[in-house]
>>> print(open('input_8.csv').read())   # CSV, C-alpha atoms
chain,number,residue,atom,x,y,z
A,1,MET,CA,94.6,97.5,92.1
A,2,ILE,CA,93.4,93.9,91.9
A,3,PHE,CA,95.8,92.5,94.6
A,4,LEU,CA,94.5,94.9,97.2
A,5,GLU,CA,90.9,94.1,96.3
A,6,LEU,CA,91.7,90.4,96.5
A,7,PHE,CA,93.3,90.8,99.9
A,8,TRP,CA,90.4,92.8,101.3
A,9,THR,CA,87.8,90.5,99.8
A,10,PHE,CA,89.3,87.3,101.1
A,11,LEU,CA,90.0,88.9,104.5
A,12,LYS,CA,86.3,89.5,104.7
A,13,ILE,CA,85.4,86.1,103.5
A,14,GLY,CA,87.7,84.5,106.1
A,15,ILE,CA,86.2,86.2,109.1
A,16,PHE,CA,82.6,85.8,107.9
A,17,THR,CA,82.8,82.1,107.3
A,18,PHE,CA,80.9,80.2,109.9
A,19,GLY,CA,80.2,76.5,109.7
A,20,GLY,CA,82.9,75.1,107.4
A,21,GLY,CA,84.1,74.9,103.9
A,22,TYR,CA,80.7,75.1,102.1
A,23,SER,CA,79.7,78.4,103.6
A,24,MET,CA,83.1,79.7,102.5
A,25,VAL,CA,82.4,78.5,99.0
A,26,ALA,CA,79.1,80.4,99.1
A,27,LEU,CA,80.8,83.6,100.3
A,28,ILE,CA,83.5,83.4,97.7
A,29,GLN,CA,80.9,82.9,95.0
A,30,ASN,CA,79.0,85.9,96.1
A,31,GLU,CA,82.0,88.2,96.2
A,32,VAL,CA,84.0,86.8,93.2
A,33,VAL,CA,81.3,86.1,90.7
A,34,GLU,CA,78.4,88.4,91.6
A,35,LYS,CA,80.0,91.4,93.2
A,36,TYR,CA,83.3,91.8,91.4
A,37,GLY,CA,82.6,89.7,88.2
A,38,TRP,CA,86.1,88.3,88.2
A,39,MET,CA,84.9,85.1,86.7
A,40,THR,CA,81.7,83.6,85.3
A,41,ALA,CA,79.5,81.3,87.3
A,42,GLN,CA,80.5,78.4,85.0
A,43,GLU,CA,84.2,79.1,85.6
A,44,TYR,CA,83.5,79.1,89.3
A,45,THR,CA,81.7,75.8,89.1
A,46,ASP,CA,84.7,74.3,87.4
A,47,ILE,CA,87.0,75.6,90.1
A,48,LEU,CA,84.7,74.0,92.7
A,49,ALA,CA,84.9,70.7,90.9
A,50,ILE,CA,88.7,70.8,90.9
A,51,SER,CA,88.9,72.0,94.5
A,52,GLN,CA,86.8,69.1,95.7
A,53,MET,CA,88.9,66.6,93.8
A,54,THR,CA,92.3,67.7,95.2
A,55,PRO,CA,93.4,67.1,98.8
A,56,GLY,CA,93.1,69.8,101.4
A,57,PRO,CA,90.4,71.9,102.9
A,58,ILE,CA,87.8,73.0,100.3
A,59,GLY,CA,87.8,76.5,101.5
A,60,ILE,CA,91.6,76.9,101.1
A,61,ASN,CA,91.6,75.2,97.7
A,62,THR,CA,88.8,77.3,96.4
A,63,ALA,CA,90.3,80.5,97.7
A,64,THR,CA,93.7,79.7,96.1
A,65,TYR,CA,92.2,78.8,92.8
A,66,ALA,CA,89.8,81.7,92.7
A,67,GLY,CA,92.6,84.1,93.6
A,68,TYR,CA,94.6,82.8,90.7
A,69,THR,CA,91.8,82.9,88.2
A,70,ALA,CA,90.7,86.4,89.2
A,71,VAL,CA,94.1,87.8,88.5
A,72,VAL,CA,94.7,85.9,85.2
A,73,ASN,CA,91.2,86.8,84.0
A,74,SER,CA,91.9,90.4,84.3
A,75,GLY,CA,94.7,90.1,81.8
A,76,LEU,CA,97.8,89.9,84.0
A,77,PRO,CA,100.5,87.2,83.4
A,78,GLN,CA,100.5,83.9,85.1
A,79,TRP,CA,103.1,84.5,87.7
A,80,GLU,CA,101.0,87.4,89.0
A,81,GLY,CA,98.2,84.9,89.1
A,82,VAL,CA,100.4,82.8,91.5
A,83,ILE,CA,100.9,85.9,93.7
A,84,GLY,CA,97.2,86.5,93.6
A,85,SER,CA,96.4,83.0,94.7
A,86,LEU,CA,98.9,83.2,97.6
A,87,ILE,CA,97.4,86.5,98.7
A,88,ALA,CA,93.9,85.0,98.6
A,89,SER,CA,94.8,82.0,100.6
A,90,PHE,CA,96.9,84.0,103.1
A,91,ALA,CA,94.1,86.6,103.6
A,92,VAL,CA,91.5,83.9,104.0
A,93,ILE,CA,93.4,82.3,106.9
A,94,LEU,CA,94.7,85.5,108.6
A,95,LEU,CA,91.7,86.8,110.6
A,96,PRO,CA,90.2,83.5,111.8
A,97,PHE,CA,93.8,82.5,112.8
A,98,VAL,CA,94.1,85.6,115.0
A,99,ALA,CA,90.6,85.2,116.3
A,100,MET,CA,91.4,81.6,117.2
A,101,LEU,CA,94.5,82.6,119.1
A,102,ILE,CA,92.7,85.2,121.1
A,103,VAL,CA,89.7,83.0,121.9
A,104,CYS,CA,92.0,80.1,123.0
A,105,ARG,CA,93.1,82.4,125.9
A,106,TYR,CA,89.7,83.4,127.1
A,107,LEU,CA,87.9,80.2,126.3
A,108,SER,CA,87.3,78.7,129.7
A,109,ARG,CA,85.4,81.7,131.0
A,110,HIS,CA,82.8,82.0,128.3
A,111,ARG,CA,82.3,78.4,127.2
A,112,ASP,CA,78.8,77.9,128.6
A,113,ASN,CA,77.5,81.4,128.2
A,114,PRO,CA,73.9,81.1,127.2
A,115,VAL,CA,74.0,84.3,125.2
A,116,VAL,CA,76.9,83.1,123.1
A,117,ASN,CA,75.2,79.8,122.7
A,118,SER,CA,72.0,81.3,121.3
A,119,MET,CA,74.1,83.4,118.9
A,120,PHE,CA,75.7,80.3,117.5
A,121,LYS,CA,72.2,78.7,117.2
A,122,VAL,CA,70.9,81.5,115.0
A,123,LEU,CA,74.2,81.6,113.1
A,124,ARG,CA,74.1,77.9,112.3
A,125,LEU,CA,70.6,78.3,110.9
A,126,THR,CA,71.6,81.3,108.8
A,127,VAL,CA,74.5,79.4,107.3
A,128,VAL,CA,72.1,76.8,106.1
A,129,GLY,CA,70.3,79.6,104.1
A,130,LEU,CA,73.6,81.0,102.9
A,131,ILE,CA,74.7,77.7,101.4
A,132,ALA,CA,71.2,77.2,99.9
A,133,ALA,CA,71.5,80.5,98.2
A,134,ALA,CA,74.9,79.5,96.7
A,135,ALA,CA,73.4,76.3,95.4
A,136,LEU,CA,70.4,78.1,93.9
A,137,SER,CA,72.5,80.7,92.1
A,138,LEU,CA,74.7,77.9,90.6
A,139,LEU,CA,71.5,76.5,88.9
A,140,THR,CA,72.4,78.2,85.6
A,141,THR,CA,71.8,77.3,82.0
A,142,GLU,CA,75.6,77.3,81.6
A,143,SER,CA,75.9,74.3,84.0
A,144,PHE,CA,72.7,72.5,83.1
A,145,GLY,CA,72.0,73.4,79.4
A,146,THR,CA,69.0,75.2,78.2
A,147,VAL,CA,65.7,74.1,79.8
A,148,GLY,CA,63.8,71.6,77.6
A,149,LEU,CA,63.9,68.1,76.2
A,150,ASN,CA,67.4,68.3,75.0
A,151,LYS,CA,70.2,65.9,75.8
A,152,GLN,CA,72.3,68.0,78.0
A,153,PHE,CA,69.5,69.2,80.2
A,154,ILE,CA,68.1,65.7,80.8
A,155,VAL,CA,71.6,64.2,81.5
A,156,SER,CA,72.3,67.1,83.9
A,157,ILE,CA,69.1,66.7,85.8
A,158,LEU,CA,69.7,63.0,86.1
A,159,LEU,CA,73.3,63.6,87.3
A,160,PHE,CA,72.1,66.2,89.8
A,161,ALA,CA,69.6,63.8,91.2
A,162,GLY,CA,72.0,60.9,91.4
A,163,VAL,CA,74.8,62.8,93.0
A,164,PHE,CA,72.4,64.4,95.5
A,165,TYR,CA,71.0,60.9,96.4
A,166,PHE,CA,74.5,59.4,96.9
A,167,SER,CA,75.8,62.4,98.7
A,168,TYR,CA,72.9,62.9,101.1
A,169,PHE,CA,71.5,59.5,101.7
A,170,ARG,CA,74.5,57.3,101.1
A,171,ARG,CA,77.2,59.7,102.4
A,172,THR,CA,79.4,58.8,99.5
A,173,SER,CA,82.7,60.7,99.4
A,174,PRO,CA,82.6,63.7,97.0
A,175,ILE,CA,85.7,62.4,95.2
A,176,TYR,CA,84.0,59.3,94.0
A,177,LEU,CA,80.9,61.2,92.9
A,178,ILE,CA,83.0,63.7,91.0
A,179,VAL,CA,85.1,61.1,89.2
A,180,ALA,CA,82.0,59.1,88.4
A,181,SER,CA,80.1,62.1,87.0
A,182,GLY,CA,83.1,63.2,85.0
A,183,LEU,CA,83.3,59.7,83.4
A,184,ILE,CA,79.6,59.7,82.7
A,185,GLY,CA,79.9,63.1,81.0
A,186,LEU,CA,82.8,61.9,79.0
A,187,VAL,CA,80.9,58.8,77.8
A,188,VAL,CA,77.5,60.3,77.3
A,189,TYR,CA,78.6,63.4,75.4
A,190,CYS,CA,80.8,61.3,73.1
A,191,VAL,CA,78.0,59.4,71.4
B,1,MET,CA,121.5,70.6,121.3
B,2,ALA,CA,118.9,73.2,121.9
B,3,ILE,CA,116.9,71.7,119.0
B,4,PHE,CA,116.7,68.4,120.8
B,5,SER,CA,115.8,69.8,124.1
B,6,THR,CA,113.0,71.8,122.6
B,7,LEU,CA,111.7,68.8,120.9
B,8,SER,CA,111.5,66.9,124.1
B,9,THR,CA,109.7,69.7,125.8
B,10,LEU,CA,107.3,69.7,122.9
B,11,GLU,CA,106.7,66.0,123.6
B,12,ALA,CA,106.2,66.8,127.2
B,13,ASN,CA,103.5,69.4,126.3
B,14,LYS,CA,105.0,72.3,128.1
B,15,CYS,CA,106.6,74.8,125.9
B,16,ARG,CA,105.5,78.1,127.5
B,17,ASP,CA,109.1,79.1,128.2
B,18,VAL,CA,110.2,79.1,124.6
B,19,ARG,CA,107.8,81.7,123.5
B,20,VAL,CA,110.1,84.7,124.1
B,21,VAL,CA,112.4,83.6,121.3
B,22,ASP,CA,109.5,83.2,118.9
B,23,TRP,CA,109.3,86.8,117.9
B,24,LEU,CA,113.1,87.1,117.5
B,25,LEU,CA,113.1,84.2,115.2
B,26,LEU,CA,110.3,85.6,113.2
B,27,THR,CA,112.4,88.6,112.2
B,28,ASN,CA,114.4,86.4,109.9
B,29,ILE,CA,111.9,84.5,108.0
B,30,PRO,CA,113.9,82.0,105.9
B,31,GLN,CA,116.1,81.1,108.8
B,32,SER,CA,113.2,80.8,111.2
B,33,LEU,CA,111.3,78.6,108.7
B,34,PHE,CA,114.3,76.3,108.8
B,35,PHE,CA,114.4,76.3,112.6
B,36,ILE,CA,110.7,75.7,112.8
B,37,TYR,CA,111.1,72.8,110.4
B,38,CYS,CA,113.9,71.2,112.5
B,39,MET,CA,112.4,71.7,115.9
B,40,TYR,CA,108.8,71.0,115.2
B,41,ARG,CA,109.3,68.5,112.5
B,42,LYS,CA,106.9,66.0,114.0
B,43,LEU,CA,104.1,68.6,114.4
B,44,PHE,CA,104.7,69.8,110.8
B,45,VAL,CA,104.8,66.3,109.3
B,46,SER,CA,101.6,65.3,111.2
B,47,PHE,CA,99.7,68.2,109.9
B,48,TRP,CA,101.3,67.9,106.5
B,49,LYS,CA,99.9,64.4,106.3
B,50,ILE,CA,96.5,65.5,107.5
B,51,GLY,CA,96.4,68.2,104.8
B,52,ALA,CA,97.9,66.3,101.9
B,53,PHE,CA,96.0,63.1,102.2
B,54,THR,CA,92.4,64.1,102.8
B,55,ILE,CA,90.2,64.7,99.8
B,56,GLY,CA,86.8,66.3,100.3
B,57,GLY,CA,87.3,69.0,102.8
B,58,GLY,CA,87.8,69.7,106.5
B,59,TYR,CA,85.4,67.3,108.1
B,60,VAL,CA,87.0,64.3,106.3
B,61,MET,CA,90.1,65.2,108.3
B,62,ILE,CA,88.5,64.5,111.7
B,63,PRO,CA,89.1,60.8,111.7
B,64,ILE,CA,92.5,61.1,110.2
B,65,MET,CA,93.5,63.8,112.8
B,66,GLU,CA,92.1,61.7,115.6
B,67,GLN,CA,94.2,58.7,114.4
B,68,GLU,CA,97.3,60.8,113.9
B,69,LEU,CA,97.2,63.1,116.9
B,70,VAL,CA,95.5,61.0,119.6
B,71,ASP,CA,96.3,57.4,118.7
B,72,ARG,CA,99.6,57.6,117.0
B,73,ARG,CA,101.4,60.6,118.7
B,74,GLY,CA,99.4,60.7,121.9
B,75,TRP,CA,99.6,64.5,122.0
B,76,LEU,CA,96.0,65.0,123.1
B,77,SER,CA,93.4,63.0,125.0
B,78,ARG,CA,90.3,62.1,123.2
B,79,GLU,CA,88.2,64.5,125.3
B,80,GLU,CA,90.6,67.4,124.5
B,81,PHE,CA,90.4,66.5,120.9
B,82,MET,CA,86.6,66.6,120.9
B,83,ASP,CA,86.7,70.0,122.7
B,84,ASN,CA,89.0,71.3,120.1
B,85,ILE,CA,86.6,70.1,117.3
B,86,SER,CA,83.6,72.0,118.8
B,87,LEU,CA,85.7,75.1,119.3
B,88,SER,CA,87.0,75.0,115.7
B,89,GLN,CA,83.5,74.5,114.4
B,90,ALA,CA,82.2,77.5,116.3
B,91,MET,CA,84.9,79.9,115.2
B,92,PRO,CA,84.9,81.6,111.8
B,93,GLY,CA,87.3,80.3,109.1
B,94,VAL,CA,88.4,77.1,107.6
B,95,PHE,CA,87.8,74.2,110.0
B,96,ALA,CA,91.0,72.4,109.3
B,97,VAL,CA,93.1,75.5,109.8
B,98,ASN,CA,91.3,76.3,113.0
B,99,MET,CA,92.1,72.8,114.3
B,100,ALA,CA,95.8,73.2,113.3
B,101,THR,CA,95.8,76.6,115.1
B,102,VAL,CA,94.4,75.4,118.4
B,103,ILE,CA,96.4,72.2,118.5
B,104,GLY,CA,99.6,73.8,117.3
B,105,ARG,CA,99.3,76.5,120.0
B,106,LYS,CA,98.7,74.0,122.7
B,107,LEU,CA,101.7,71.9,121.8
B,108,GLY,CA,104.3,74.5,120.8
B,109,GLY,CA,103.3,78.1,121.2
B,110,VAL,CA,103.5,80.5,118.3
B,111,ARG,CA,106.0,78.3,116.5
B,112,GLY,CA,103.9,75.3,117.0
B,113,VAL,CA,100.9,77.2,115.5
B,114,LEU,CA,103.0,78.3,112.5
B,115,CYS,CA,104.3,74.8,111.6
B,116,ALA,CA,100.9,73.2,112.2
B,117,VAL,CA,99.1,75.7,109.9
B,118,LEU,CA,101.8,75.8,107.3
B,119,GLY,CA,102.1,72.0,107.3
B,120,ASN,CA,98.4,71.8,106.8
B,121,VAL,CA,97.9,74.1,103.9
B,122,LEU,CA,101.2,73.9,102.1
B,123,MET,CA,100.6,70.8,100.0
B,124,PRO,CA,97.0,71.7,99.1
B,125,ILE,CA,98.0,75.2,98.0
B,126,ALA,CA,100.9,73.9,95.9
B,127,LEU,CA,98.8,71.2,94.2
B,128,ILE,CA,95.9,73.5,93.4
B,129,LEU,CA,98.3,76.1,92.0
B,130,LEU,CA,99.8,73.5,89.7
B,131,LEU,CA,96.4,72.4,88.6
B,132,ALA,CA,95.3,76.0,88.1
B,133,ILE,CA,98.3,76.8,85.9
B,134,PHE,CA,97.9,73.6,83.7
B,135,PHE,CA,94.1,73.6,83.5
B,136,ARG,CA,94.1,76.7,81.4
B,137,PHE,CA,95.9,74.8,78.6
B,138,PHE,CA,93.3,72.0,78.7
B,139,ARG,CA,90.2,73.9,79.2
B,140,ASP,CA,89.2,74.2,75.6
B,141,ASN,CA,90.0,70.5,74.8
B,142,VAL,CA,86.9,68.6,73.6
B,143,ILE,CA,87.4,65.7,76.1
B,144,VAL,CA,87.9,68.0,79.1
B,145,GLU,CA,84.8,70.0,78.1
B,146,ARG,CA,82.8,66.8,78.0
B,147,ILE,CA,84.0,65.8,81.4
B,148,PHE,CA,83.1,69.2,82.9
B,149,MET,CA,79.7,69.1,81.3
B,150,GLY,CA,79.1,66.0,83.5
B,151,LEU,CA,80.8,67.6,86.5
B,152,ARG,CA,78.9,70.9,86.7
B,153,PRO,CA,75.5,69.5,87.8
B,154,ALA,CA,77.3,67.1,90.1
B,155,VAL,CA,79.0,70.0,91.9
B,156,VAL,CA,75.8,71.9,92.4
B,157,ALA,CA,74.3,68.7,93.9
B,158,LEU,CA,77.3,68.4,96.2
B,159,ILE,CA,76.6,71.9,97.5
B,160,ALA,CA,72.9,71.2,97.8
B,161,ALA,CA,73.3,68.1,99.9
B,162,PRO,CA,75.2,69.8,102.9
B,163,VAL,CA,72.3,72.3,103.0
B,164,PHE,CA,70.0,69.5,104.2
B,165,ARG,CA,72.6,67.8,106.3
B,166,MET,CA,73.4,71.1,108.1
B,167,ALA,CA,69.7,71.9,108.5
B,168,LYS,CA,69.5,68.7,110.5
B,169,SER,CA,72.5,69.4,112.7
B,170,ALA,CA,71.4,73.0,113.2
B,171,LYS,CA,68.1,71.6,114.6
B,172,MET,CA,65.9,73.2,112.1
B,173,SER,CA,62.2,73.0,112.9
B,174,TRP,CA,58.9,74.5,111.7
B,175,LYS,CA,59.3,77.2,114.3
B,176,ASN,CA,62.7,78.4,113.2
B,177,CYS,CA,62.9,77.4,109.5
B,178,TRP,CA,62.0,81.0,108.5
B,179,ILE,CA,65.6,82.0,109.4
B,180,PRO,CA,67.4,80.0,106.7
B,181,ILE,CA,64.6,80.7,104.2
B,182,VAL,CA,64.8,84.4,104.7
B,183,ALA,CA,68.6,84.4,104.6
B,184,ALA,CA,68.6,82.4,101.4
B,185,LEU,CA,66.0,84.6,99.7
B,186,LEU,CA,67.8,87.8,100.8
B,187,ILE,CA,71.0,86.6,99.3
B,188,TRP,CA,69.7,84.8,96.2
B,189,LEU,CA,66.8,87.1,95.0
B,190,LEU,CA,67.6,90.5,96.5
B,191,GLY,CA,71.4,90.2,96.1
B,192,VAL,CA,72.1,91.2,99.7
B,193,SER,CA,75.7,90.4,100.6
B,194,PRO,CA,76.1,87.4,102.9
B,195,VAL,CA,78.3,89.5,105.1
B,196,TRP,CA,75.3,91.6,106.2
B,197,VAL,CA,73.1,88.6,106.7
B,198,ILE,CA,75.7,87.0,109.0
B,199,LEU,CA,76.1,90.2,110.9
B,200,ALA,CA,72.4,90.5,111.3
B,201,ALA,CA,72.3,86.8,112.5
B,202,ILE,CA,75.0,87.5,115.1
B,203,ALA,CA,73.1,90.6,116.4
B,204,GLY,CA,69.8,88.8,116.3
B,205,GLY,CA,71.2,85.8,118.1
B,206,LEU,CA,72.8,87.9,120.8
B,207,LEU,CA,69.6,89.9,121.3
B,208,TRP,CA,67.5,86.7,121.5
B,209,GLY,CA,69.9,85.3,124.1
B,210,VAL,CA,69.8,88.4,126.2
B,211,THR,CA,66.0,88.6,126.2
B,212,ASN,CA,65.6,84.9,127.0
B,213,ARG,CA,68.0,84.9,129.9
>>> encode(input="input_8.csv", output="structure tokens")
Amino acid sequence: MIFLELFWTFLKIGIFTFGGGYSMVALIQNEVVEKYGWMTAQEYTDILAISQMTPGPIGINTATYAGYTAVVNSGLPQWEGVIGSLIASFAVILLPFVAMLIVCRYLSRHRDNPVVNSMFKVLRLTVVGLIAAAALSLLTTESFGTVGLNKQFIVSILLFAGVFYFSYFRRTSPIYLIVASGLIGLVVYCV
Amino acid sequence: MAIFSTLSTLEANKCRDVRVVDWLLLTNIPQSLFFIYCMYRKLFVSFWKIGAFTIGGGYVMIPIMEQELVDRRGWLSREEFMDNISLSQAMPGVFAVNMATVIGRKLGGVRGVLCAVLGNVLMPIALILLLAIFFRFFRDNVIVERIFMGLRPAVVALIAAPVFRMAKSAKMSWKNCWIPIVAALLIWLLGVSPVWVILAAIAGGLLWGVTNR
């Protein structure tokens, strides 16, 4: 039953996401592409591109879109895909939401607890590795073209380097980078 | 009449007394959604705006939230707002939704939470659904395929960049850089589920904290 699997998977993803949208993206990728095989890595990359271009939290956008695609890819009609996407986005919110409500109550007592602080220190470091793993496993020949001196691979490497530069050093907003690289792709692959 | 009085208590930041009716209202979902909308319109609209007009994820929302909630509405002081940011970052889940939860709860109890969270995610979910439905028709189009051939490496770079940014804010050094490296290798090469890695990190962090005390 794909809907139950979706619910359980995204419930897990929600509660294990520490450190923002990109770590959620990494978790979703691991579950949806590698564990369940609901979609290919390339499809997931496309979903990520669209999720970053549309307004809203990236985690929610990706969950919604991945839920839809997972259901539709398994051969069910589109309206069931809509249900799947709603289940995914609901499940992803549910547990953190409850945890947040509980923690709000007991916050003041444990705020400066050194044990809790050191847990978060290690957790933050781990999340860095988690996102790195997601980026590494998206380095596929489907996204970059076969390795060698062909056009797609060279253009892809240049685009990767350029976007990385602007995103990391110049802090350019992802929306501009995505629009620009889409236009570059459109122009470069036309000729 | 009750609607207006609740609104004014919301403005006055003390809504503890209305919480009893929350669960009664929740038994009739369509009606309660309507009530929530009427009573907590401002809270809903504020978070709707925050959700619908920020492209690029949760952290882009911080300045917009600050402007809307602190400067425009005056619901929170700047210090309270900063406290809420650090709490939302520490907790699991989507940052923006966590912010909506903690601020909604503070301002209007359970109903406040519901309309803040719903307001925040409604528009993004609706938009992405529309896109998901229509993108299937265009996916095999030559022009769309070309655009996405350019987009895919860009998306990978957009995920690689926060790795280094977060390494900085997590205070990564030569002494502790083995933690992210081991985590990345476990997940990437050995195919260990990130869930186990995170659980191990929580356990290890707590252990480290206890022994260092």
>>> atom_distance(input="input_8.csv", atom1="CA of Glu145 in chain B", atom2="CA of Leu183 in chain A")
11.7 Å
>>> closest_residue(input="input_8.csv", among="A:Trp8, A:Trp79, A:Phe18, A:Phe90", to="chain B", atoms="only C-alpha atoms")
A:Phe18
>>> residues_around(input="input_8.csv", residues="Leu136 in chain A", least_positions_apart="6", cutoff="9 Å", atoms="all atoms listed in the file", output="list in words")
Val156, Ala160, Ala184 and Trp188 of chain B
>>> write_last_selection(input="input_8.csv", atoms="C-alpha atoms", output="compact mmCIF listing (two decimals), keeping the file's coordinate frame")
# COMPACT_ATOMS: atom_id res chain seq x y z
CA VAL B 156 75.80 71.90 92.40
CA ALA B 160 72.90 71.20 97.80
CA ALA B 184 68.60 82.40 101.40
CA TRP B 188 69.70 84.80 96.20
>>> atom_distance(input="input_8.csv", atom1="CA of Gly182 in chain A", atom2="CA of Lys35 in chain A")
29.5 Å
>>> atom_distance(input="input_8.csv", atom1="CA of Ala126 in chain B", atom2="CA of Ile62 in chain B")
22.2 Å
>>> residues_near_point(input="input_8.csv", point="(89.8, 83.9, 103.4)", cutoff="6 Å", atoms="only C-alpha atoms", output="ChimeraX atom specification")
/A:10-11,13-14,91-93
>>> write_last_selection(input="input_8.csv", atoms="C-alpha atoms", output="compact mmCIF listing (two decimals), keeping the file's coordinate frame")
# COMPACT_ATOMS: atom_id res chain seq x y z
CA PHE A 10 89.30 87.30 101.10
CA LEU A 11 90.00 88.90 104.50
CA ILE A 13 85.40 86.10 103.50
CA GLY A 14 87.70 84.50 106.10
CA ALA A 91 94.10 86.60 103.60
CA VAL A 92 91.50 83.90 104.00
CA ILE A 93 93.40 82.30 106.90
>>> residues_around(input="input_8.csv", residues="Thr140 in chain A", least_positions_apart="3", cutoff="12 Å", atoms="all atoms listed in the file", output="PyMOL selection string")
(chain A and resi 40-45+134-137+143-147+153+156-157) or (chain B and resi 152-153+156)
>>> write_last_selection(input="input_8.csv", atoms="C-alpha atoms", output="PDB file, in the frame of the given file")
ATOM      1  CA  THR A  40      81.700  83.600  85.300  1.00  0.00           C
ATOM      2  CA  ALA A  41      79.500  81.300  87.300  1.00  0.00           C
ATOM      3  CA  GLN A  42      80.500  78.400  85.000  1.00  0.00           C
ATOM      4  CA  GLU A  43      84.200  79.100  85.600  1.00  0.00           C
ATOM      5  CA  TYR A  44      83.500  79.100  89.300  1.00  0.00           C
ATOM      6  CA  THR A  45      81.700  75.800  89.100  1.00  0.00           C
ATOM      7  CA  ALA A 134      74.900  79.500  96.700  1.00  0.00           C
ATOM      8  CA  ALA A 135      73.400  76.300  95.400  1.00  0.00           C
ATOM      9  CA  LEU A 136      70.400  78.100  93.900  1.00  0.00           C
ATOM     10  CA  SER A 137      72.500  80.700  92.100  1.00  0.00           C
ATOM     11  CA  SER A 143      75.900  74.300  84.000  1.00  0.00           C
ATOM     12  CA  PHE A 144      72.700  72.500  83.100  1.00  0.00           C
ATOM     13  CA  GLY A 145      72.000  73.400  79.400  1.00  0.00           C
ATOM     14  CA  THR A 146      69.000  75.200  78.200  1.00  0.00           C
ATOM     15  CA  VAL A 147      65.700  74.100  79.800  1.00  0.00           C
ATOM     16  CA  PHE A 153      69.500  69.200  80.200  1.00  0.00           C
ATOM     17  CA  SER A 156      72.300  67.100  83.900  1.00  0.00           C
ATOM     18  CA  ILE A 157      69.100  66.700  85.800  1.00  0.00           C
TER      19      ILE A 157
ATOM     20  CA  ARG B 152      78.900  70.900  86.700  1.00  0.00           C
ATOM     21  CA  PRO B 153      75.500  69.500  87.800  1.00  0.00           C
ATOM     22  CA  VAL B 156      75.800  71.900  92.400  1.00  0.00           C
TER      23      VAL B 156
END
>>> closest_atom_pairs(input="input_8.csv", of="range 118-167 of chain A", to="range 193-210 of chain B", cutoff="7 Å", atoms="only C-alpha atoms", output="JSON lines")
{"residue": "A:Ser118", "atom": "CA", "partner": "B:Gly209", "partner_atom": "CA", "distance": 5.3}
{"residue": "A:Met119", "atom": "CA", "partner": "B:Gly205", "partner_atom": "CA", "distance": 3.8}
{"residue": "A:Val122", "atom": "CA", "partner": "B:Gly205", "partner_atom": "CA", "distance": 5.3}
{"residue": "A:Leu123", "atom": "CA", "partner": "B:Ala201", "partner_atom": "CA", "distance": 5.6}
{"residue": "A:Thr126", "atom": "CA", "partner": "B:Ala201", "partner_atom": "CA", "distance": 6.7}
{"residue": "A:Leu130", "atom": "CA", "partner": "B:Pro194", "partner_atom": "CA", "distance": 6.9}
>>> residues_around(input="input_8.csv", residues="range 172-177 of chain B", least_positions_apart="6", cutoff="10 Å", atoms="only C-alpha atoms", output="JSON, numbers by chain")
{"A": [121, 122, 124, 125, 126, 128, 129], "B": [164, 166]}
>>> closest_residue(input="input_8.csv", among="A:Leu186, A:Val191, A:Ala70, A:Leu149", to="chain B", atoms="only C-alpha atoms")
A:Leu186
>>> closest_residue(input="input_8.csv", among="A:Tyr65, A:Tyr106, A:Tyr36, A:Phe3", to="chain B", atoms="all atoms listed in the file")
A:Tyr65
>>> closest_residue(input="input_8.csv", among="A:Ile58, A:Val71, A:Ile50, A:Leu86", to="chain B", atoms="all atoms listed in the file")
A:Ile58
>>> closest_residue(input="input_8.csv", among="B:Leu122, B:Ala116, B:Val192, B:Ile55", to="chain A", atoms="all atoms listed in the file")
B:Ile55
>>> closest_residue(input="input_8.csv", among="B:Thr211, B:Ser77, B:Gln89, B:Gln67", to="chain A", atoms="all atoms listed in the file")
B:Gln89
>>> residues_near_point(input="input_8.csv", point="(88.1, 75.2, 90.2)", cutoff="9 Å", atoms="all atoms listed in the file", output="PyMOL selection string")
(chain A and resi 43-52+61-62+65-66+69) or (chain B and resi 128+131-132)
>>> residues_around(input="input_8.csv", residues="Leu76 in chain B", least_positions_apart="2", cutoff="12 Å", atoms="only C-alpha atoms", output="ChimeraX atom specification")
/B:11-13,65-74,78-84,102-104,106-107
>>> residues_around(input="input_8.csv", residues="Val45 in chain B", least_positions_apart="4", cutoff="8 Å", atoms="all atoms listed in the file", output="short mmCIF file (atom, residue, chain, number, x, y, z; two decimals) with C-alpha atoms, in the coordinates of the input")
data_model
loop_
_atom_site.label_atom_id
_atom_site.label_comp_id
_atom_site.auth_asym_id
_atom_site.auth_seq_id
_atom_site.Cartn_x
_atom_site.Cartn_y
_atom_site.Cartn_z
CA ARG B 41 109.30 68.50 112.50
CA LYS B 49 99.90 64.40 106.30
CA GLY B 119 102.10 72.00 107.30
#
